[in-house]
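Below is the file start05.tsv, which contains TSV, C-alpha atoms and all ligand atoms.
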chain	number	residue	atom	x	y	z
A	1	MET	CA	-14.40	-1.56	21.40
A	2	SER	CA	-15.31	-4.73	19.51
A	3	VAL	CA	-15.71	-4.64	15.74
A	4	SER	CA	-19.42	-5.38	16.24
A	5	ASP	CA	-19.76	-2.39	18.56
A	6	ALA	CA	-17.91	-0.16	16.12
A	7	VAL	CA	-20.20	-1.27	13.27
A	8	ALA	CA	-23.35	-0.96	15.37
A	9	SER	CA	-22.50	2.45	16.82
A	10	ARG	CA	-21.34	4.02	13.55
A	11	ARG	CA	-23.97	6.13	11.96
A	12	SER	CA	-23.85	9.19	9.77
A	13	VAL	CA	-23.57	11.95	12.34
A	14	ARG	CA	-24.86	15.35	11.28
A	15	ALA	CA	-24.44	17.42	14.45
A	16	PHE	CA	-21.15	17.71	16.31
A	17	LEU	CA	-19.87	19.08	19.61
A	18	ASP	CA	-17.69	22.18	19.46
A	19	LYS	CA	-14.58	20.18	20.29
A	20	SER	CA	-11.51	19.93	18.08
A	21	VAL	CA	-10.00	16.65	16.94
A	22	ALA	CA	-6.35	16.09	17.83
A	23	LEU	CA	-3.85	15.51	15.05
A	24	ASP	CA	-2.31	12.50	16.81
A	25	VAL	CA	-5.71	10.78	16.98
A	26	LEU	CA	-6.33	11.30	13.27
A	27	THR	CA	-2.79	10.23	12.43
A	28	ARG	CA	-3.32	7.01	14.40
A	29	VAL	CA	-6.59	6.29	12.61
A	30	MET	CA	-5.19	6.99	9.14
A	31	ASP	CA	-2.08	4.97	9.85
A	32	LYS	CA	-4.14	1.93	10.88
A	33	ALA	CA	-6.52	2.37	7.93
A	34	ARG	CA	-3.60	1.79	5.54
A	35	PHE	CA	-4.26	-1.90	6.11
A	36	ALA	CA	-7.65	-1.81	4.39
A	37	PRO	CA	-7.80	-4.34	1.55
A	38	SER	CA	-7.60	-3.44	-2.13
A	39	GLY	CA	-7.53	-5.46	-5.32
A	40	CYS	CA	-3.92	-6.09	-6.38
A	41	ASN	CA	-2.94	-4.08	-3.28
A	42	PHE	CA	-3.30	-0.95	-5.44
A	43	GLN	CA	-4.30	1.18	-2.41
A	44	PRO	CA	-5.85	3.69	-4.82
A	45	TRP	CA	-7.10	6.07	-2.11
A	46	GLU	CA	-5.74	9.50	-1.24
A	47	ALA	CA	-7.03	12.19	1.11
A	48	SER	CA	-6.40	15.54	2.74
A	49	ILE	CA	-7.82	16.29	6.18
A	50	LEU	CA	-8.52	19.91	7.02
A	51	THR	CA	-9.33	21.69	10.25
A	52	GLY	CA	-9.25	25.26	11.62
A	53	GLU	CA	-8.56	28.22	9.35
A	54	PRO	CA	-7.85	26.29	6.14
A	55	LEU	CA	-11.16	24.45	6.52
A	56	LYS	CA	-13.04	27.69	7.15
A	57	ALA	CA	-11.39	29.31	4.12
A	58	LEU	CA	-12.35	26.40	1.87
A	59	GLN	CA	-15.92	26.41	3.14
A	60	ALA	CA	-16.20	30.17	2.56
A	61	LYS	CA	-15.04	29.66	-1.04
A	62	MET	CA	-17.56	26.85	-1.57
A	63	MET	CA	-20.38	28.93	-0.11
A	64	ALA	CA	-19.54	31.76	-2.50
A	65	SER	CA	-19.49	29.48	-5.55
A	66	ALA	CA	-22.13	27.87	-7.73
A	67	PRO	CA	-22.02	24.07	-8.08
A	68	GLN	CA	-19.63	23.05	-10.84
A	69	ASP	CA	-20.88	22.16	-14.30
A	70	PRO	CA	-20.32	19.55	-15.68
A	71	PRO	CA	-20.41	17.42	-12.53
A	72	GLU	CA	-17.38	15.49	-11.32
A	73	TYR	CA	-19.18	12.18	-11.82
A	74	ASP	CA	-22.71	10.85	-12.01
A	75	TRP	CA	-23.70	10.29	-8.39
A	76	SER	CA	-27.41	9.82	-9.00
A	77	GLY	CA	-27.19	6.04	-8.70
A	78	PRO	CA	-29.97	3.59	-9.45
A	79	ASN	CA	-32.65	6.13	-10.32
A	80	ILE	CA	-34.56	3.66	-12.42
A	81	SER	CA	-35.13	1.22	-9.57
A	82	PRO	CA	-38.27	1.90	-7.51
A	83	ALA	CA	-36.94	-0.30	-4.68
A	84	HIS	CA	-33.79	1.75	-4.32
A	85	LYS	CA	-35.65	5.02	-4.72
A	86	ALA	CA	-37.94	3.92	-1.89
A	87	ARG	CA	-34.94	3.46	0.41
A	88	LEU	CA	-33.78	7.01	-0.31
A	89	PHE	CA	-37.29	8.29	0.31
A	90	ALA	CA	-37.51	6.39	3.61
A	91	VAL	CA	-34.22	7.70	5.01
A	92	SER	CA	-35.13	11.26	3.99
A	93	GLU	CA	-38.47	10.98	5.76
A	94	ASP	CA	-36.83	9.56	8.90
A	95	MET	CA	-34.13	12.22	8.88
A	96	TYR	CA	-36.38	15.23	8.35
A	97	GLY	CA	-38.99	13.68	10.64
A	98	ALA	CA	-36.39	13.56	13.44
A	99	MET	CA	-35.94	17.31	13.07
A	100	GLY	CA	-39.66	17.99	12.78
A	101	ILE	CA	-39.27	19.25	9.19
A	102	THR	CA	-42.31	18.42	7.08
A	103	ARG	CA	-42.18	17.56	3.38
A	104	GLU	CA	-43.91	20.87	2.61
A	105	ASN	CA	-41.22	22.87	4.40
A	106	LYS	CA	-38.92	23.08	1.38
A	107	ASP	CA	-36.90	26.00	2.79
A	108	ALA	CA	-35.96	24.08	5.93
A	109	ARG	CA	-35.07	21.02	3.84
A	110	ARG	CA	-32.93	23.11	1.50
A	111	ALA	CA	-31.20	24.76	4.47
A	112	PHE	CA	-30.40	21.41	6.00
A	113	VAL	CA	-29.02	20.05	2.73
A	114	ALA	CA	-26.94	23.22	2.35
A	115	ASP	CA	-25.40	22.52	5.76
A	116	ASN	CA	-23.45	19.83	3.92
A	117	ILE	CA	-21.19	22.63	2.63
A	118	VAL	CA	-19.91	23.25	6.16
A	119	SER	CA	-19.92	19.50	6.84
A	120	PHE	CA	-22.55	19.97	9.55
A	121	HIS	CA	-20.02	22.13	11.47
A	122	ALA	CA	-17.68	19.20	12.06
A	123	PRO	CA	-14.27	20.35	13.34
A	124	ALA	CA	-12.38	18.27	10.77
A	125	VAL	CA	-13.15	17.23	7.21
A	126	LEU	CA	-11.49	14.51	5.16
A	127	LEU	CA	-11.45	15.06	1.41
A	128	CYS	CA	-11.08	11.87	-0.61
A	129	TYR	CA	-9.77	11.66	-4.17
A	130	PHE	CA	-7.81	9.26	-6.32
A	131	PRO	CA	-6.29	8.93	-9.79
A	132	ARG	CA	-8.81	9.31	-12.61
A	133	PHE	CA	-7.70	6.12	-14.33
A	134	MET	CA	-9.05	3.97	-11.50
A	135	GLY	CA	-12.05	1.84	-12.49
A	136	PRO	CA	-15.08	0.43	-10.61
A	137	PRO	CA	-13.07	-2.17	-8.63
A	138	GLN	CA	-10.78	0.56	-7.31
A	139	TRP	CA	-13.74	2.81	-6.42
A	140	SER	CA	-14.91	-0.07	-4.29
A	141	ASP	CA	-11.45	-0.31	-2.69
A	142	VAL	CA	-11.72	3.36	-1.76
A	143	GLY	CA	-15.10	2.64	-0.14
A	144	MET	CA	-13.55	-0.09	1.97
A	145	TRP	CA	-10.83	2.29	3.09
A	146	LEU	CA	-13.40	4.91	4.03
A	147	GLN	CA	-15.41	2.40	6.06
A	148	THR	CA	-12.22	1.24	7.78
A	149	ILE	CA	-11.56	4.87	8.73
A	150	MET	CA	-15.11	5.33	9.99
A	151	LEU	CA	-14.88	2.24	12.22
A	152	LEU	CA	-11.47	3.23	13.56
A	153	LEU	CA	-12.89	6.67	14.35
A	154	ARG	CA	-15.52	4.97	16.50
A	155	GLU	CA	-12.76	3.23	18.44
A	156	GLU	CA	-11.36	6.70	19.21
A	157	GLY	CA	-14.78	7.95	20.36
A	158	LEU	CA	-15.17	9.93	17.15
A	159	ASP	CA	-17.96	10.06	14.59
A	160	SER	CA	-18.27	10.82	10.91
A	161	CYS	CA	-20.52	11.45	7.97
A	162	PRO	CA	-19.38	10.57	4.46
A	163	GLN	CA	-20.39	13.34	2.06
A	164	GLU	CA	-20.86	12.95	-1.66
A	165	TYR	CA	-22.45	16.39	-1.57
A	166	LEU	CA	-19.05	18.08	-1.68
A	167	TRP	CA	-18.69	16.63	-5.14
A	168	GLN	CA	-20.50	19.77	-6.29
A	169	HIS	CA	-17.31	21.72	-5.64
A	170	ALA	CA	-14.81	19.06	-6.64
A	171	ARG	CA	-12.66	21.27	-8.85
A	172	LEU	CA	-12.66	24.12	-6.34
A	173	ILE	CA	-11.65	21.69	-3.58
A	174	LYS	CA	-8.82	20.20	-5.63
A	175	ASP	CA	-7.58	23.65	-6.57
A	176	PHE	CA	-7.64	24.70	-2.91
A	177	ILE	CA	-5.64	21.72	-1.66
A	178	GLY	CA	-3.29	21.63	-4.65
A	179	VAL	CA	-4.46	18.39	-6.27
A	180	SER	CA	-4.48	18.22	-10.06
A	181	ASP	CA	-7.93	18.11	-11.67
A	182	GLU	CA	-6.32	16.55	-14.71
A	183	THR	CA	-4.97	13.53	-12.87
A	184	HIS	CA	-7.39	13.13	-9.94
A	185	ILE	CA	-11.10	12.65	-9.43
A	186	PHE	CA	-12.68	13.91	-6.22
A	187	PHE	CA	-14.95	11.31	-4.64
A	188	CYS	CA	-16.36	12.59	-1.35
A	189	GLY	CA	-15.83	14.42	1.88
A	190	MET	CA	-16.15	13.05	5.38
A	191	ALA	CA	-17.22	15.16	8.34
A	192	ILE	CA	-15.28	14.10	11.44
A	193	GLY	CA	-15.87	15.09	15.06
A	194	TYR	CA	-17.51	14.25	18.36
A	195	ARG	CA	-21.19	13.38	18.18
A	196	ASP	CA	-23.76	15.69	19.74
A	197	ALA	CA	-25.70	12.94	21.49
A	198	GLN	CA	-28.58	15.31	22.28
A	199	ALA	CA	-29.27	16.22	18.65
A	200	PRO	CA	-32.37	14.45	17.24
A	201	ILE	CA	-30.68	14.27	13.82
A	202	ASN	CA	-28.21	11.82	15.34
A	203	ALA	CA	-30.85	9.62	16.93
A	204	PHE	CA	-33.45	8.52	14.37
A	205	PRO	CA	-33.66	4.77	13.68
A	206	ARG	CA	-32.17	3.73	10.34
A	207	GLU	CA	-33.97	1.15	8.23
A	208	ARG	CA	-32.12	-1.74	6.67
A	209	VAL	CA	-33.22	-4.41	4.22
A	210	PRO	CA	-33.80	-7.81	5.91
A	211	LEU	CA	-30.85	-10.19	5.68
A	212	ASP	CA	-32.74	-12.79	3.63
A	213	GLU	CA	-33.32	-10.21	0.88
A	214	GLN	CA	-29.61	-9.54	0.59
A	215	VAL	CA	-27.75	-12.73	1.32
A	216	ARG	CA	-28.26	-16.35	0.32
A	217	PHE	CA	-26.52	-19.06	2.29
A	218	ILE	CA	-25.99	-22.08	0.07
A	219	GLY	CA	-24.94	-25.58	1.06
A	220	PHE	CA	-25.03	-25.12	4.83
B	301	LIG	C1	-20.21	7.46	-0.20
B	301	LIG	C2	-21.28	8.07	0.69
B	301	LIG	C3	-21.67	9.38	0.48
B	301	LIG	C4	-22.61	9.97	1.30
B	301	LIG	N1	-22.94	11.30	1.12
B	301	LIG	C5	-23.74	11.93	2.01
B	301	LIG	C6	-23.95	13.34	1.92
B	301	LIG	O1	-23.45	14.03	1.02
B	301	LIG	N2	-24.71	13.93	2.87
B	301	LIG	C7	-25.27	13.22	3.89
B	301	LIG	O2	-25.94	13.83	4.74
B	301	LIG	N3	-25.11	11.87	3.98
B	301	LIG	C8	-24.34	11.22	3.09
B	301	LIG	N4	-24.12	9.87	3.20
B	301	LIG	C9	-24.69	9.14	4.32
B	301	LIG	C10	-25.83	8.22	3.91
B	301	LIG	O3	-26.99	8.96	3.73
B	301	LIG	C11	-25.98	7.17	5.01
B	301	LIG	O4	-24.82	6.36	5.05
B	301	LIG	C12	-27.19	6.26	4.83
B	301	LIG	O5	-28.38	7.00	4.89
B	301	LIG	C13	-27.22	5.18	5.92
B	301	LIG	O6	-27.24	5.78	7.19
B	301	LIG	P1	-26.11	5.58	8.27
B	301	LIG	O7	-24.78	5.95	7.66
B	301	LIG	O8	-26.47	6.52	9.40
B	301	LIG	O9	-26.12	4.14	8.68
B	301	LIG	C14	-23.20	9.23	2.35
B	301	LIG	C15	-22.83	7.90	2.53
B	301	LIG	C16	-21.87	7.31	1.73
B	301	LIG	C17	-21.46	5.89	1.97

What does this structure look like when you write it as structure tokens?
Ligand SMILES: Cc1cc2nc3c(=O)[nH]c(=O)nc-3n(C[C@H](O)[C@H](O)[C@H](O)COP(=O)(O)O)c2cc1C
Amino acid sequence: MSVSDAVASRRSVRAFLDKSVALDVLTRVMDKARFAPSGCNFQPWEASILTGEPLKALQAKMMASAPQDPPEYDWSGPNISPAHKARLFAVSEDMYGAMGITRENKDARRAFVADNIVSFHAPAVLLCYFPRFMGPPQWSDVGMWLQTIMLLLREEGLDSCPQEYLWQHARLIKDFIGVSDETHIFFCGMAIGYRDAQAPINAFPRERVPLDEQVRFIGF
């Protein structure tokens, strides 16, 4: 698979086939992803990947728990910007529209959001965390690592969905996997599995901002 094909075919997948992911495949992906770039070669990222009984046990604990307070970090992003808010609104409409869930159907929307807890029934879930002392440049390094993983997963025929939502149970997650809350911040989860190609939730078109609004080419 070319890099272009990996980029073009990656999308956040929210319905998976009931098919487990082999350890050797994930080991290969994670081993290759070590070569993601990072400022000063800090490689600030860390992760645990769960499947089977341990994953089910963690999910059961999360389902039985209220979201943590205070939150792990402020994930709300650029709330003050109407342009960015509009992008969130658009993807929500496209996503719920694909499933035939109207804006008025709050229960169905809530149920779908809650499905994040079980990572949309993905057979494997990556949990990403890193030392608390890392600053904004290192957060960005972690993002590059996660994207490298997601592209390598495509090469293996696998799909993913990054999940900030699990942030709600950051402390519970760290406690479960034996990572210190004092030293480490939990960033996000990542659902990993084989895409259900028939599921409408995996097929809606995703909007993107036109190139000329994002990039300026100067001096060419
Ligand atoms: C760091 C990060 C966290 C995300 N968290 C969630 C999440 O909790 N739940 C979810 O359904 N999608 C989540 N997404 C997926 C985004 O909604 C998605 O990337 C965006 O809408 C663009 O769609 P695409 O990934 O299909 O191209 C997350 C994406 C990123 C990069």

Contacts of ligand LIG 301 (chain B), 10 Å or closer, all atoms listed in the file, given as a PyMOL selection string: chain A and resi 7-14+75+87-88+90-92+94-95+112-117+119-120+142-144+146-147+150+160-168+187-191+201-208

Interatomic distance, CA of Ser65 in chain A to CA of His169 in chain A (Å, one decimal): 8.1 Å

Contact residues around range 192-200 of chain A with only C-alpha atoms at 7 Å, ignoring same-chain residues under 3 positions, as a ChimeraX atom specification: /A:13,15-17,19,21,98-99,122-125,158-161,203-204

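Atom pair CA of Ala33 in chain A / CA of Gln59 in chain A: separated by 26.3 Å.
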
Could you produce a table of the residues of range 75-185 of chain A lying within 8 Å of range 36-51 of chain A, with the nearest pair of atoms per residue and their separation in Å rounded to one decimal, using only C-alpha atoms, ordered by chain and increasing residue number, as a Markdown table?
| residue | atom | partner | partner_atom | distance |
| --- | --- | --- | --- | --- |
| A:Pro123 | CA | A:Thr51 | CA | 6.0 |
| A:Ala124 | CA | A:Thr51 | CA | 4.6 |
| A:Val125 | CA | A:Leu50 | CA | 5.4 |
| A:Leu126 | CA | A:Ile49 | CA | 4.2 |
| A:Leu127 | CA | A:Ser48 | CA | 5.2 |
| A:Cys128 | CA | A:Ala47 | CA | 4.4 |
| A:Tyr129 | CA | A:Glu46 | CA | 5.4 |
| A:Phe130 | CA | A:Trp45 | CA | 5.3 |
| A:Pro131 | CA | A:Pro44 | CA | 7.2 |
| A:Met134 | CA | A:Pro44 | CA | 7.4 |
| A:Pro137 | CA | A:Gly39 | CA | 7.2 |
| A:Gln138 | CA | A:Pro44 | CA | 6.3 |
| A:Asp141 | CA | A:Ser38 | CA | 5.0 |
| A:Val142 | CA | A:Trp45 | CA | 5.4 |
| A:Met144 | CA | A:Ala36 | CA | 6.6 |
| A:Trp145 | CA | A:Ala36 | CA | 5.3 |
| A:Thr148 | CA | A:Ala36 | CA | 6.5 |
| A:Ile177 | CA | A:Ser48 | CA | 7.6 |

A:Ser4, A:Asp175, A:Glu213, A:Glu156 ranked by distance to Ala22 in chain A, top pick (using all atoms listed in the file): A:Glu156

CA of Lys32 in chain A to CA of Asp5 in chain A, straight-line distance in Å: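 A separation of 17.9 Å between them.
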
Exercise on range 171-179 of chain A, axis-aligned box with 5 Å per side, report centre and edge lengths in Å to one decimal, as lines of an AutoDock Vina configuration file:
center_x = -8.0
center_y = 21.5
center_z = -5.3
size_x = 19.4
size_y = 16.3
size_z = 17.2

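Of the residues under consideration (A:Glu72, A:Glu53, A:Asp212, A:Glu155), A:Glu72 shows the shortest atom-to-atom contact distance to Ile173 in chain A when counting all atoms listed in the file.
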
How would range 180-194 of chain A read, as a compact mmCIF listing (two decimals), in the frame of the given file, once N, CA and C atoms are built in?
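To be explicit, this is the file written out as selection_33.txt:
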# COMPACT_ATOMS: atom_id res chain seq x y z
N SER A 180 -4.22 17.97 -8.65
CA SER A 180 -4.48 18.22 -10.06
C SER A 180 -5.86 17.68 -10.49
N ASP A 181 -6.63 18.54 -11.13
CA ASP A 181 -7.93 18.11 -11.67
C ASP A 181 -7.73 17.19 -12.87
N GLU A 182 -6.61 17.37 -13.53
CA GLU A 182 -6.32 16.55 -14.71
C GLU A 182 -6.09 15.09 -14.31
N THR A 183 -5.36 14.90 -13.23
CA THR A 183 -4.97 13.53 -12.87
C THR A 183 -5.91 12.88 -11.85
N HIS A 184 -6.64 13.69 -11.07
CA HIS A 184 -7.39 13.13 -9.94
C HIS A 184 -8.87 13.45 -9.99
N ILE A 185 -9.66 12.46 -9.57
CA ILE A 185 -11.10 12.65 -9.43
C ILE A 185 -11.39 12.80 -7.93
N PHE A 186 -12.27 13.74 -7.61
CA PHE A 186 -12.68 13.91 -6.22
C PHE A 186 -13.88 13.00 -5.97
N PHE A 187 -13.84 12.22 -4.90
CA PHE A 187 -14.95 11.31 -4.64
C PHE A 187 -15.91 11.89 -3.60
N CYS A 188 -15.43 12.11 -2.38
CA CYS A 188 -16.36 12.59 -1.35
C CYS A 188 -15.60 13.23 -0.19
N GLY A 189 -16.37 13.91 0.64
CA GLY A 189 -15.83 14.42 1.88
C GLY A 189 -16.22 13.49 3.02
N MET A 190 -15.70 13.77 4.19
CA MET A 190 -16.15 13.05 5.38
C MET A 190 -16.03 14.00 6.58
N ALA A 191 -17.20 14.35 7.13
CA ALA A 191 -17.22 15.16 8.34
C ALA A 191 -16.72 14.31 9.50
N ILE A 192 -15.84 14.87 10.32
CA ILE A 192 -15.28 14.10 11.44
C ILE A 192 -15.34 14.95 12.71
N GLY A 193 -15.83 14.37 13.79
CA GLY A 193 -15.87 15.09 15.06
C GLY A 193 -16.55 14.25 16.13
N TYR A 194 -16.85 14.94 17.24
CA TYR A 194 -17.51 14.25 18.36
C TYR A 194 -19.01 14.46 18.26
